[in-house]
file final_22.cif (mmCIF, C-alpha atoms)
data_entry
#
loop_
_atom_site.label_atom_id
_atom_site.label_comp_id
_atom_site.auth_asym_id
_atom_site.auth_seq_id
_atom_site.Cartn_x
_atom_site.Cartn_y
_atom_site.Cartn_z
CA MET A 84 -3.94 11.66 -23.87
CA ALA A 85 -2.11 10.93 -27.14
CA PRO A 86 -3.51 14.01 -29.01
CA LEU A 87 -2.47 16.31 -26.15
CA ALA A 88 1.04 14.81 -26.08
CA GLY A 89 1.20 15.21 -29.89
CA PHE A 90 0.20 18.86 -29.61
CA LEU A 91 2.87 19.54 -26.97
CA ARG A 92 5.55 17.78 -29.01
CA GLY A 93 4.45 19.90 -31.98
CA ILE A 94 5.22 23.07 -30.05
CA GLY A 95 8.64 21.82 -29.05
CA TYR A 96 8.34 19.95 -25.76
CA LYS A 97 9.83 16.56 -25.01
CA VAL A 98 6.85 14.70 -23.52
CA PHE A 99 6.55 11.44 -21.62
CA THR A 100 3.08 10.00 -21.02
CA THR A 101 1.99 7.46 -18.44
CA ARG A 102 -1.08 6.22 -16.62
CA GLU A 103 -2.03 5.06 -13.14
CA PRO A 104 -2.36 2.59 -11.60
CA GLY A 105 0.35 0.74 -13.46
CA GLY A 106 2.99 2.10 -15.80
CA THR A 107 5.70 -0.20 -14.40
CA ALA A 108 6.05 -3.99 -14.35
CA ILE A 109 5.37 -4.06 -10.60
CA GLY A 110 2.61 -1.44 -10.84
CA ASP A 111 0.85 -3.47 -13.53
CA GLN A 112 0.75 -6.48 -11.18
CA VAL A 113 -0.86 -4.22 -8.56
CA ARG A 114 -3.26 -2.84 -11.19
CA ASP A 115 -4.47 -6.38 -11.96
CA ILE A 116 -5.39 -6.89 -8.29
CA LEU A 117 -7.18 -3.52 -8.13
CA MET A 118 -9.21 -3.95 -11.31
CA SER A 119 -10.15 -7.63 -11.08
CA MET A 120 -13.88 -8.24 -10.64
CA LYS A 121 -13.01 -11.28 -8.48
CA ASN A 122 -11.68 -8.97 -5.76
CA THR A 123 -15.00 -7.38 -4.82
CA GLY A 124 -14.37 -8.04 -1.12
CA MET A 125 -11.47 -5.58 -1.05
CA ASN A 126 -11.39 -3.34 2.02
CA PRO A 127 -11.25 0.40 1.14
CA ARG A 128 -8.03 0.76 3.15
CA THR A 129 -6.44 -2.07 1.18
CA GLU A 130 -7.52 -0.35 -2.03
CA THR A 131 -5.99 2.95 -0.87
CA LEU A 132 -2.67 1.32 -0.01
CA LEU A 133 -2.49 -0.62 -3.28
CA PHE A 134 -2.98 2.54 -5.35
CA CYS A 135 -0.27 4.23 -3.28
CA ALA A 136 2.08 1.25 -3.69
CA ALA A 137 1.78 1.35 -7.48
CA ARG A 138 2.32 5.13 -7.34
CA ALA A 139 5.48 4.86 -5.22
CA GLN A 140 6.93 2.56 -7.88
CA ILE A 141 6.04 4.73 -10.89
CA VAL A 142 7.33 7.89 -9.21
CA SER A 143 10.73 6.41 -8.40
CA GLU A 144 11.17 4.23 -11.49
CA VAL A 145 9.61 6.39 -14.21
CA ILE A 146 8.35 9.89 -13.37
CA ARG A 147 11.35 11.20 -11.40
CA PRO A 148 13.93 10.03 -13.96
CA HIS A 149 11.99 11.67 -16.83
CA LEU A 150 11.58 14.93 -14.91
CA ASP A 151 15.29 14.84 -14.10
CA LYS A 152 16.00 14.73 -17.84
CA GLY A 153 13.95 17.93 -18.25
CA GLU A 154 10.98 16.22 -19.89
CA LEU A 155 7.35 17.16 -19.47
CA VAL A 156 5.46 14.25 -17.87
CA LEU A 157 1.73 13.84 -18.60
CA SER A 158 0.05 11.33 -16.29
CA ASP A 159 -3.46 10.01 -16.66
CA ARG A 160 -4.38 10.20 -12.92
CA TYR A 161 -2.12 10.82 -9.92
CA ALA A 162 -2.35 11.37 -6.16
CA ASP A 163 -5.53 13.48 -6.20
CA SER A 164 -7.46 10.52 -7.62
CA THR A 165 -6.69 8.62 -4.42
CA LEU A 166 -8.00 11.52 -2.34
CA ALA A 167 -11.11 11.70 -4.55
CA TYR A 168 -11.98 7.98 -4.73
CA GLN A 169 -10.55 6.43 -1.57
CA GLY A 170 -10.90 9.59 0.55
CA TYR A 171 -14.05 11.48 -0.46
CA GLY A 172 -15.62 8.45 -2.20
CA HIS A 173 -15.11 5.77 0.45
CA GLY A 174 -15.06 8.17 3.41
CA ASN A 175 -11.55 7.33 4.62
CA ASP A 176 -9.81 9.98 6.71
CA LEU A 177 -8.43 12.60 4.29
CA GLU A 178 -5.51 13.64 6.47
CA ALA A 179 -4.34 10.03 6.86
CA ILE A 180 -4.48 9.60 3.08
CA ARG A 181 -2.52 12.82 2.51
CA GLN A 182 0.25 11.47 4.77
CA ILE A 183 0.32 8.16 2.91
CA LEU A 184 0.44 9.99 -0.44
CA SER A 185 3.32 12.11 0.76
CA PHE A 186 5.22 8.93 1.70
CA ALA A 187 4.37 7.25 -1.63
CA THR A 188 5.35 10.18 -3.85
CA GLY A 189 8.25 11.48 -1.77
CA GLY A 190 6.38 14.81 -1.89
CA LEU A 191 6.31 15.06 -5.71
CA LYS A 192 3.29 17.16 -6.79
CA PRO A 193 2.10 18.07 -10.29
CA ASP A 194 2.67 21.63 -11.52
CA LEU A 195 -0.71 21.61 -13.25
CA THR A 196 -3.74 19.33 -12.93
CA LEU A 197 -6.48 19.17 -15.56
CA LEU A 198 -9.88 17.97 -14.34
CA LEU A 199 -12.11 16.64 -17.12
CA ASP A 200 -15.40 17.28 -15.38
CA VAL A 201 -18.74 15.75 -16.30
CA ASP A 202 -21.76 14.73 -14.23
CA SER A 203 -21.43 11.21 -12.83
CA GLU A 204 -24.36 9.64 -14.74
CA THR A 205 -22.92 10.81 -18.07
CA GLY A 206 -19.44 9.64 -17.09
CA LEU A 207 -20.61 6.14 -16.17
CA ASN A 208 -22.80 5.86 -19.29
CA ARG A 209 -19.82 6.76 -21.45
CA ARG A 210 -17.72 4.07 -19.76
CA LYS A 211 -20.46 1.51 -20.43
CA GLN A 212 -20.78 2.52 -24.07
CA SER A 213 -17.03 2.77 -24.72
CA GLY A 214 -16.63 -0.98 -25.09
CA GLY A 215 -13.70 -0.90 -22.64
CA GLU A 216 -13.63 -3.56 -19.94
CA TRP A 217 -15.95 -2.82 -17.01
CA ASN A 218 -13.78 -3.11 -13.89
CA ARG A 219 -14.24 -3.37 -10.13
CA LEU A 220 -13.91 0.41 -9.70
CA ASP A 221 -16.45 1.28 -12.41
CA ALA A 222 -18.90 -1.02 -10.62
CA TYR A 223 -19.10 1.18 -7.52
CA ALA A 224 -22.53 2.73 -6.92
CA LEU A 225 -23.48 6.03 -8.54
CA ALA A 226 -23.56 7.71 -5.10
CA LEU A 227 -19.85 6.97 -4.68
CA HIS A 228 -19.02 8.45 -8.09
CA GLN A 229 -21.00 11.56 -7.11
CA ARG A 230 -19.00 11.94 -3.88
CA VAL A 231 -15.82 11.53 -5.95
CA ARG A 232 -16.84 14.35 -8.29
CA ALA A 233 -17.74 16.63 -5.36
CA GLY A 234 -14.36 15.78 -3.81
CA TYR A 235 -12.48 16.81 -6.96
CA LEU A 236 -14.36 20.11 -7.07
CA GLU A 237 -13.56 20.72 -3.40
CA MET A 238 -9.84 20.17 -4.13
CA VAL A 239 -10.07 22.63 -7.05
CA CYS A 240 -11.56 25.27 -4.73
CA ALA A 241 -8.88 24.68 -2.11
CA GLU A 242 -5.97 25.08 -4.56
CA PRO A 243 -7.28 26.89 -7.68
CA SER A 244 -3.86 27.93 -9.02
CA ARG A 245 -2.87 24.30 -9.68
CA TRP A 246 -6.14 23.15 -11.27
CA ARG A 247 -7.93 23.81 -14.56
CA VAL A 248 -11.49 22.47 -14.87
CA ILE A 249 -12.36 21.40 -18.42
CA ASP A 250 -16.02 20.85 -19.33
CA ALA A 251 -15.99 17.26 -20.57
CA GLY A 252 -19.65 17.43 -21.54
CA GLN A 253 -18.59 19.20 -24.77
CA PRO A 254 -17.86 17.33 -28.03
CA PRO A 255 -14.43 15.63 -27.97
CA ASP A 256 -12.73 18.12 -30.31
CA MET A 257 -13.79 21.03 -28.11
CA VAL A 258 -12.52 19.20 -24.99
CA GLN A 259 -9.20 18.67 -26.76
CA SER A 260 -9.01 22.30 -27.77
CA ALA A 261 -9.76 23.44 -24.20
CA LEU A 262 -7.05 21.12 -22.84
CA GLN A 263 -4.49 22.47 -25.30
CA LYS A 264 -5.35 26.09 -24.50
CA ALA A 265 -5.15 25.49 -20.75
CA ILE A 266 -1.78 23.78 -20.85
CA GLN A 267 -0.27 26.17 -23.40
CA ALA A 268 -1.36 29.17 -21.32
CA TYR A 269 0.24 27.59 -18.26
CA LEU A 270 3.50 26.79 -20.05
CA SER A 271 3.72 30.32 -21.55
CA GLY A 272 3.25 31.81 -18.10
CA GLU A 273 5.97 29.56 -16.75
CA LYS A 274 8.48 30.69 -19.38
CA SER A 275 7.81 34.42 -19.02
CA MET B 33 3.20 -22.09 14.91
CA ALA B 34 1.10 -25.28 14.81
CA PRO B 35 2.61 -26.78 18.02
CA LEU B 36 1.95 -23.55 19.93
CA ALA B 37 -1.65 -23.42 18.70
CA GLY B 38 -2.05 -27.08 19.68
CA PHE B 39 -0.72 -26.36 23.16
CA LEU B 40 -3.15 -23.44 23.62
CA ARG B 41 -6.09 -25.51 22.39
CA GLY B 42 -5.06 -28.22 24.87
CA ILE B 43 -5.42 -25.77 27.75
CA GLY B 44 -8.87 -24.67 26.60
CA TYR B 45 -8.46 -21.74 24.21
CA LYS B 46 -10.16 -21.39 20.86
CA VAL B 47 -7.25 -20.44 18.60
CA PHE B 48 -7.10 -19.08 15.06
CA THR B 49 -3.71 -18.97 13.30
CA THR B 50 -2.65 -16.91 10.33
CA ARG B 51 0.44 -15.54 8.63
CA GLU B 52 1.52 -12.36 6.90
CA PRO B 53 1.74 -11.22 4.21
CA GLY B 54 -1.24 -13.12 2.83
CA GLY B 55 -3.91 -15.01 4.73
CA THR B 56 -6.70 -13.76 2.44
CA ALA B 57 -7.35 -14.23 -1.28
CA ILE B 58 -6.41 -10.60 -1.98
CA GLY B 59 -3.46 -10.68 0.43
CA ASP B 60 -2.09 -13.79 -1.27
CA GLN B 61 -2.03 -11.93 -4.61
CA VAL B 62 -0.08 -9.13 -2.89
CA ARG B 63 2.24 -11.71 -1.30
CA ASP B 64 3.09 -13.11 -4.74
CA ILE B 65 4.23 -9.64 -5.88
CA LEU B 66 6.30 -9.13 -2.71
CA MET B 67 8.05 -12.49 -2.78
CA SER B 68 8.70 -12.86 -6.51
CA MET B 69 12.40 -12.85 -7.45
CA LYS B 70 11.45 -11.11 -10.71
CA ASN B 71 10.47 -7.96 -8.76
CA THR B 72 13.98 -7.08 -7.56
CA GLY B 73 13.56 -3.47 -8.75
CA MET B 74 10.88 -2.81 -6.13
CA ASN B 75 11.20 0.56 -4.40
CA PRO B 76 11.29 0.26 -0.56
CA ARG B 77 8.26 2.57 -0.31
CA THR B 78 6.32 0.33 -2.67
CA GLU B 79 7.31 -2.66 -0.55
CA THR B 80 6.13 -0.90 2.62
CA LEU B 81 2.75 -0.02 1.11
CA LEU B 82 2.20 -3.52 -0.29
CA PHE B 83 2.80 -5.12 3.11
CA CYS B 84 0.38 -2.63 4.65
CA ALA B 85 -2.23 -3.27 1.94
CA ALA B 86 -2.18 -7.02 2.61
CA ARG B 87 -2.41 -6.27 6.33
CA ALA B 88 -5.43 -3.96 5.97
CA GLN B 89 -7.24 -6.81 4.23
CA ILE B 90 -6.38 -9.53 6.77
CA VAL B 91 -7.29 -7.30 9.72
CA SER B 92 -10.75 -6.44 8.37
CA GLU B 93 -11.57 -9.77 6.73
CA VAL B 94 -10.05 -12.26 9.16
CA ILE B 95 -8.46 -11.02 12.39
CA ARG B 96 -11.18 -8.63 13.60
CA PRO B 97 -14.02 -11.12 13.02
CA HIS B 98 -12.15 -13.86 14.93
CA LEU B 99 -11.35 -11.53 17.82
CA ASP B 100 -15.00 -10.44 17.89
CA LYS B 101 -15.97 -14.09 18.40
CA GLY B 102 -13.70 -14.18 21.46
CA GLU B 103 -11.00 -16.30 19.82
CA LEU B 104 -7.27 -16.04 20.43
CA VAL B 105 -5.51 -15.05 17.18
CA LEU B 106 -1.88 -16.14 16.63
CA SER B 107 -0.26 -14.35 13.70
CA ASP B 108 3.10 -15.21 12.20
CA ARG B 109 4.29 -11.57 11.75
CA TYR B 110 2.29 -8.34 12.07
CA ALA B 111 2.82 -4.56 11.99
CA ASP B 112 6.15 -4.55 13.86
CA SER B 113 7.73 -6.55 11.03
CA THR B 114 7.04 -3.61 8.71
CA LEU B 115 8.72 -1.24 11.16
CA ALA B 116 11.66 -3.64 11.45
CA TYR B 117 12.22 -4.44 7.75
CA GLN B 118 10.90 -1.44 5.85
CA GLY B 119 11.66 1.09 8.61
CA TYR B 120 14.87 0.11 10.41
CA GLY B 121 16.05 -2.17 7.59
CA HIS B 122 15.52 0.09 4.55
CA GLY B 123 15.89 3.36 6.48
CA ASN B 124 12.40 4.72 5.69
CA ASP B 125 11.04 7.32 8.11
CA LEU B 126 9.71 5.41 11.16
CA GLU B 127 7.02 7.95 12.06
CA ALA B 128 5.61 7.91 8.52
CA ILE B 129 5.45 4.10 8.67
CA ARG B 130 3.72 4.19 12.06
CA GLN B 131 1.01 6.43 10.58
CA ILE B 132 0.54 4.11 7.60
CA LEU B 133 0.36 1.10 9.93
CA SER B 134 -2.27 2.83 12.04
CA PHE B 135 -4.35 3.44 8.90
CA ALA B 136 -3.87 -0.16 7.69
CA THR B 137 -4.76 -1.83 10.98
CA GLY B 138 -7.40 0.64 12.16
CA GLY B 139 -5.28 0.86 15.33
CA LEU B 140 -5.44 -2.87 16.17
CA LYS B 141 -2.36 -3.86 18.18
CA PRO B 142 -1.33 -7.28 19.54
CA ASP B 143 -1.71 -7.91 23.27
CA LEU B 144 1.53 -9.89 23.28
CA THR B 145 4.39 -10.17 20.78
CA LEU B 146 6.91 -13.00 20.84
CA LEU B 147 10.29 -12.26 19.23
CA LEU B 148 12.20 -15.38 18.21
CA ASP B 149 15.64 -13.85 18.33
CA VAL B 150 18.78 -15.25 16.75
CA ASP B 151 21.85 -13.61 15.22
CA SER B 152 21.34 -12.73 11.55
CA GLU B 153 23.98 -15.09 10.11
CA THR B 154 22.41 -18.08 11.87
CA GLY B 155 18.93 -17.00 10.79
CA LEU B 156 19.88 -16.71 7.13
CA ASN B 157 21.82 -19.99 7.17
CA ARG B 158 18.78 -21.76 8.60
CA ARG B 159 16.59 -20.32 5.83
CA LYS B 160 19.07 -21.57 3.23
CA GLN B 161 19.20 -25.06 4.76
CA SER B 162 15.46 -25.35 5.38
CA GLY B 163 14.74 -26.27 1.76
CA GLY B 164 12.02 -23.57 1.65
CA GLU B 165 11.92 -21.30 -1.38
CA TRP B 166 14.47 -18.47 -1.27
CA ASN B 167 12.50 -15.29 -1.86
CA ARG B 168 13.17 -11.63 -2.74
CA LEU B 169 13.20 -10.64 0.95
CA ASP B 170 15.62 -13.38 2.04
CA ALA B 171 17.97 -12.16 -0.66
CA TYR B 172 18.59 -8.78 1.00
CA ALA B 173 22.16 -8.24 2.21
CA LEU B 174 23.26 -9.43 5.63
CA ALA B 175 23.70 -5.79 6.75
CA LEU B 176 19.98 -5.17 6.22
CA HIS B 177 19.05 -8.26 8.25
CA GLN B 178 21.33 -7.01 11.02
CA ARG B 179 19.58 -3.60 11.06
CA VAL B 180 16.25 -5.44 11.18
CA ARG B 181 17.33 -7.40 14.25
CA ALA B 182 18.60 -4.26 15.98
CA GLY B 183 15.29 -2.56 15.13
CA TYR B 184 13.30 -5.36 16.77
CA LEU B 185 15.42 -5.13 19.90
CA GLU B 186 14.92 -1.36 20.00
CA MET B 187 11.14 -1.87 19.84
CA VAL B 188 11.37 -4.39 22.68
CA CYS B 189 13.21 -1.85 24.83
CA ALA B 190 10.68 0.88 24.03
CA GLU B 191 7.65 -1.23 25.01
CA PRO B 192 8.88 -4.14 27.17
CA SER B 193 5.48 -5.04 28.64
CA ARG B 194 4.14 -6.15 25.26
CA TRP B 195 7.20 -8.16 24.12
CA ARG B 196 8.80 -11.44 25.16
CA VAL B 197 12.19 -12.25 23.64
CA ILE B 198 12.73 -15.97 23.06
CA ASP B 199 16.27 -17.25 22.42
CA ALA B 200 15.85 -19.00 19.08
CA GLY B 201 19.45 -20.24 19.13
CA GLN B 202 18.32 -23.07 21.45
CA PRO B 203 17.21 -26.50 20.18
CA PRO B 204 13.65 -26.41 18.74
CA ASP B 205 12.00 -28.22 21.67
CA MET B 206 13.47 -25.70 24.12
CA VAL B 207 12.28 -22.78 21.92
CA GLN B 208 8.80 -24.32 21.90
CA SER B 209 8.83 -24.78 25.64
CA ALA B 210 9.92 -21.14 26.17
CA LEU B 211 7.12 -19.92 23.86
CA GLN B 212 4.52 -21.95 25.74
CA LYS B 213 5.73 -20.71 29.12
CA ALA B 214 5.74 -17.06 27.97
CA ILE B 215 2.26 -17.15 26.52
CA GLN B 216 0.76 -19.18 29.37
CA ALA B 217 2.22 -16.76 31.93
CA TYR B 218 0.73 -13.86 30.02
CA LEU B 219 -2.69 -15.48 29.76
CA SER B 220 -2.74 -16.44 33.48
CA GLY B 221 -1.91 -12.85 34.38
CA GLU B 222 -4.69 -11.62 32.14
CA LYS B 223 -7.25 -13.87 33.83
CA SER B 224 -6.24 -13.08 37.42
#
call {"tool": "encode", "arguments": {"input": "final_22.cif", "output": "structure tokens"}}
result
Amino acid sequence: MAPLAGFLRGIGYKVFTTREPGGTAIGDQVRDILMSMKNTGMNPRTETLLFCAARAQIVSEVIRPHLDKGELVLSDRYADSTLAYQGYGHGNDLEAIRQILSFATGGLKPDLTLLLDVDSETGLNRRKQSGGEWNRLDAYALALHQRVRAGYLEMVCAEPSRWRVIDAGQPPDMVQSALQKAIQAYLSGEKS
Amino acid sequence: MAPLAGFLRGIGYKVFTTREPGGTAIGDQVRDILMSMKNTGMNPRTETLLFCAARAQIVSEVIRPHLDKGELVLSDRYADSTLAYQGYGHGNDLEAIRQILSFATGGLKPDLTLLLDVDSETGLNRRKQSGGEWNRLDAYALALHQRVRAGYLEMVCAEPSRWRVIDAGQPPDMVQSALQKAIQAYLSGEKS
């Protein structure tokens, strides 16, 4: 996310970046519970509510204040990830999750959402090869990751004006270039 | 709760006792976040969702399995405490909280709920004198505790058949005796 934030700062925007779950002292404590490999017995409803708890905190403590100052906020993941993973992935009721998300975010939605799309096998292989820590969520079966991807694509179809799908199977510099073009086109349209 | 469980075992019931938040390995991690005095900046929505997350875990991992074995489950606090504290106390939307509770519990409701009722000043003074650790929730202002109590009493009025109000201003042995009478009367009615 750092190169994209750098690009946006270069063209004159004040940018704040964050990631979920976490991004606050309380959210990081929740993140530890969610990611820990010792918590494999976690119920999918518990998982849903923990993601939403961390999100409620980051929205009120961090995202809202930065938006109120007129900054552009870039977040690595947000509410749609809960719909994708805990809704489509685990098969929880989507409408119930939408209501919980609305409570957690106070109704705050992104203006633009960039989906870095790649087939699930490639995505998981990249995570394994990245050297990053393998967490409880990565360890879900391939079939779940495939339902998650299909869920994202269904959300894109339902609300195409908010989403841009970026082919993440391309080399990294081409992905970066596609991200920059998509967001710059959106921001130009917003100004005009 | 131990004397009440002992009484019920003495009259032939298999009893399982638990407490919220916590009661599972994952729930205890959530409890630590909720109770910690270092987390005073917690947003009320975050607090609501954390209580519900811990509850989703204890319902699926502990309460449901014990009920399925035909046991009587006594829980120190359950969903109504979230309505009382995070709903009536903090002023969050009650209907939104009811929907989240329904998701968290999968719709599991208690057959009988015993409210140990005492005025808020007395309740807080007892907590201070008990020698137990003063936690983030105890530290809320008296006005919040008063709204919580009023919220409980409103719930009692809305659904009187499920609630029994016990005067907790009495000496402990009289409170215990009232609890035993209330629960035994309920259980006799259930059998007949």
call {"tool": "residues_around", "arguments": {"input": "final_22.cif", "residues": "segment 189-198 of chain B", "least_positions_apart": "4", "cutoff": "12 Å", "atoms": "all atoms listed in the file", "output": "number ranges by chain"}}
result
B: 112, 141-150, 181-185, 202-204, 206-218
call {"tool": "closest_residue", "arguments": {"input": "final_22.cif", "among": "A:Arg160, A:Gln140, A:Ala224, A:Gln229", "to": "Gly189 of chain A", "atoms": "only C-alpha atoms"}}
result
A:Gln140
call {"tool": "closest_residue", "arguments": {"input": "final_22.cif", "among": "B:Gly123, B:Leu36, B:Asn167, B:Cys84", "to": "Asp205 of chain B", "atoms": "only C-alpha atoms"}}
result
B:Leu36
call {"tool": "residues_around", "arguments": {"input": "final_22.cif", "residues": "Phe83 of chain B", "least_positions_apart": "3", "cutoff": "10 Å", "atoms": "all atoms listed in the file", "output": "ChimeraX atom specification"}}
result
/A:129,132-133,136 /B:52-54,59,62-63,66,78-80,86-88,110-111,113-114,118,133,136
call {"tool": "atom_distance", "arguments": {"input": "final_22.cif", "atom1": "atom CA of Gln61 of chain B", "atom2": "atom CA of Arg181 of chain A"}}
result
25.8 Å
call {"tool": "closest_residue", "arguments": {"input": "final_22.cif", "among": "A:Asp159, A:Glu237, A:Asp111, A:Asp202", "to": "chain B", "atoms": "only C-alpha atoms"}}
result
A:Asp111
call {"tool": "closest_residue", "arguments": {"input": "final_22.cif", "among": "A:Trp217, A:Tyr223, A:Tyr168, A:Phe186", "to": "chain B", "atoms": "all atoms listed in the file"}}
result
A:Phe186
call {"tool": "closest_residue", "arguments": {"input": "final_22.cif", "among": "A:Lys121, A:Arg128, A:Arg92, A:Lys211", "to": "chain B", "atoms": "all atoms listed in the file"}}
result
A:Arg128
call {"tool": "closest_residue", "arguments": {"input": "final_22.cif", "among": "A:Ile116, A:Leu157, A:Ser203, A:Thr107", "to": "Gly89 of chain A", "atoms": "all atoms listed in the file"}}
result
A:Leu157
call {"tool": "atom_distance", "arguments": {"input": "final_22.cif", "atom1": "atom CA of Leu155 of chain A", "atom2": "atom CA of Thr188 of chain A"}}
result
17.2 Å
call {"tool": "atom_distance", "arguments": {"input": "final_22.cif", "atom1": "atom CA of Gly201 of chain B", "atom2": "atom CA of Arg158 of chain B"}}
result
10.7 Å
call {"tool": "resolve_selection", "arguments": {"input": "final_22.cif", "expression": "the PyMOL selection byres ((chain A and resi 156) around 7)", "output": "number ranges by chain"}}
result
A: 98-100, 146, 150, 154-155, 157-158
call {"tool": "decode", "arguments": {"input": "final_22.cif", "residues": "segment 85-107 of chain A", "atoms": "N, CA and C atoms", "output": "CSV table (one decimal), in the first residue's frame"}}
result
chain,number,residue,atom,x,y,z
A,85,ALA,N,2.1,1.1,0.5
A,85,ALA,CA,3.0,2.3,0.6
A,85,ALA,C,3.2,3.0,-0.8
A,86,PRO,N,3.5,2.2,-1.9
A,86,PRO,CA,3.7,2.9,-3.1
A,86,PRO,C,2.5,3.7,-3.6
A,87,LEU,N,1.3,3.1,-3.4
A,87,LEU,CA,0.1,3.8,-3.8
A,87,LEU,C,-0.1,5.1,-3.0
A,88,ALA,N,0.2,5.0,-1.7
A,88,ALA,CA,0.1,6.2,-0.9
A,88,ALA,C,1.1,7.3,-1.3
A,89,GLY,N,2.3,6.8,-1.7
A,89,GLY,CA,3.4,7.7,-2.2
A,89,GLY,C,2.9,8.4,-3.5
A,90,PHE,N,2.4,7.6,-4.3
A,90,PHE,CA,1.9,8.2,-5.6
A,90,PHE,C,0.8,9.3,-5.4
A,91,LEU,N,-0.1,9.0,-4.5
A,91,LEU,CA,-1.2,9.9,-4.2
A,91,LEU,C,-0.7,11.2,-3.5
A,92,ARG,N,0.3,11.0,-2.6
A,92,ARG,CA,0.9,12.2,-2.0
A,92,ARG,C,1.6,13.0,-3.1
A,93,GLY,N,2.3,12.3,-4.0
A,93,GLY,CA,3.0,13.0,-5.1
A,93,GLY,C,2.1,13.9,-6.0
A,94,ILE,N,0.8,13.5,-6.1
A,94,ILE,CA,-0.1,14.3,-6.9
A,94,ILE,C,-0.9,15.2,-6.0
A,95,GLY,N,-0.5,15.4,-4.7
A,95,GLY,CA,-1.0,16.5,-3.9
A,95,GLY,C,-2.1,16.1,-2.9
A,96,TYR,N,-2.3,14.8,-2.7
A,96,TYR,CA,-3.3,14.5,-1.6
A,96,TYR,C,-2.6,14.3,-0.3
A,97,LYS,N,-3.3,14.6,0.8
A,97,LYS,CA,-2.9,14.2,2.1
A,97,LYS,C,-3.5,12.8,2.4
A,98,VAL,N,-2.7,11.8,2.6
A,98,VAL,CA,-3.1,10.4,2.7
A,98,VAL,C,-2.8,9.8,4.0
A,99,PHE,N,-3.8,9.1,4.5
A,99,PHE,CA,-3.6,8.3,5.8
A,99,PHE,C,-3.8,6.9,5.4
A,100,THR,N,-2.9,6.0,5.8
A,100,THR,CA,-3.0,4.6,5.5
A,100,THR,C,-3.2,3.8,6.8
A,101,THR,N,-4.0,2.7,6.6
A,101,THR,CA,-4.3,1.8,7.8
A,101,THR,C,-4.6,0.4,7.3
A,102,ARG,N,-4.7,-0.5,8.2
A,102,ARG,CA,-5.0,-1.9,7.9
A,102,ARG,C,-5.9,-2.5,8.9
A,103,GLU,N,-6.7,-3.5,8.4
A,103,GLU,CA,-7.6,-4.2,9.3
A,103,GLU,C,-7.2,-5.7,9.3
A,104,PRO,N,-7.6,-6.5,10.4
A,104,PRO,CA,-8.0,-6.0,11.7
A,104,PRO,C,-6.8,-5.3,12.4
A,105,GLY,N,-7.1,-4.4,13.2
A,105,GLY,CA,-6.0,-3.8,14.0
A,105,GLY,C,-6.0,-2.3,13.8
A,106,GLY,N,-4.9,-1.6,13.8
A,106,GLY,CA,-4.8,-0.2,13.5
A,106,GLY,C,-5.1,0.7,14.7
A,107,THR,N,-5.4,0.1,15.8
A,107,THR,CA,-5.6,0.8,17.1
A,107,THR,C,-5.0,-0.1,18.2
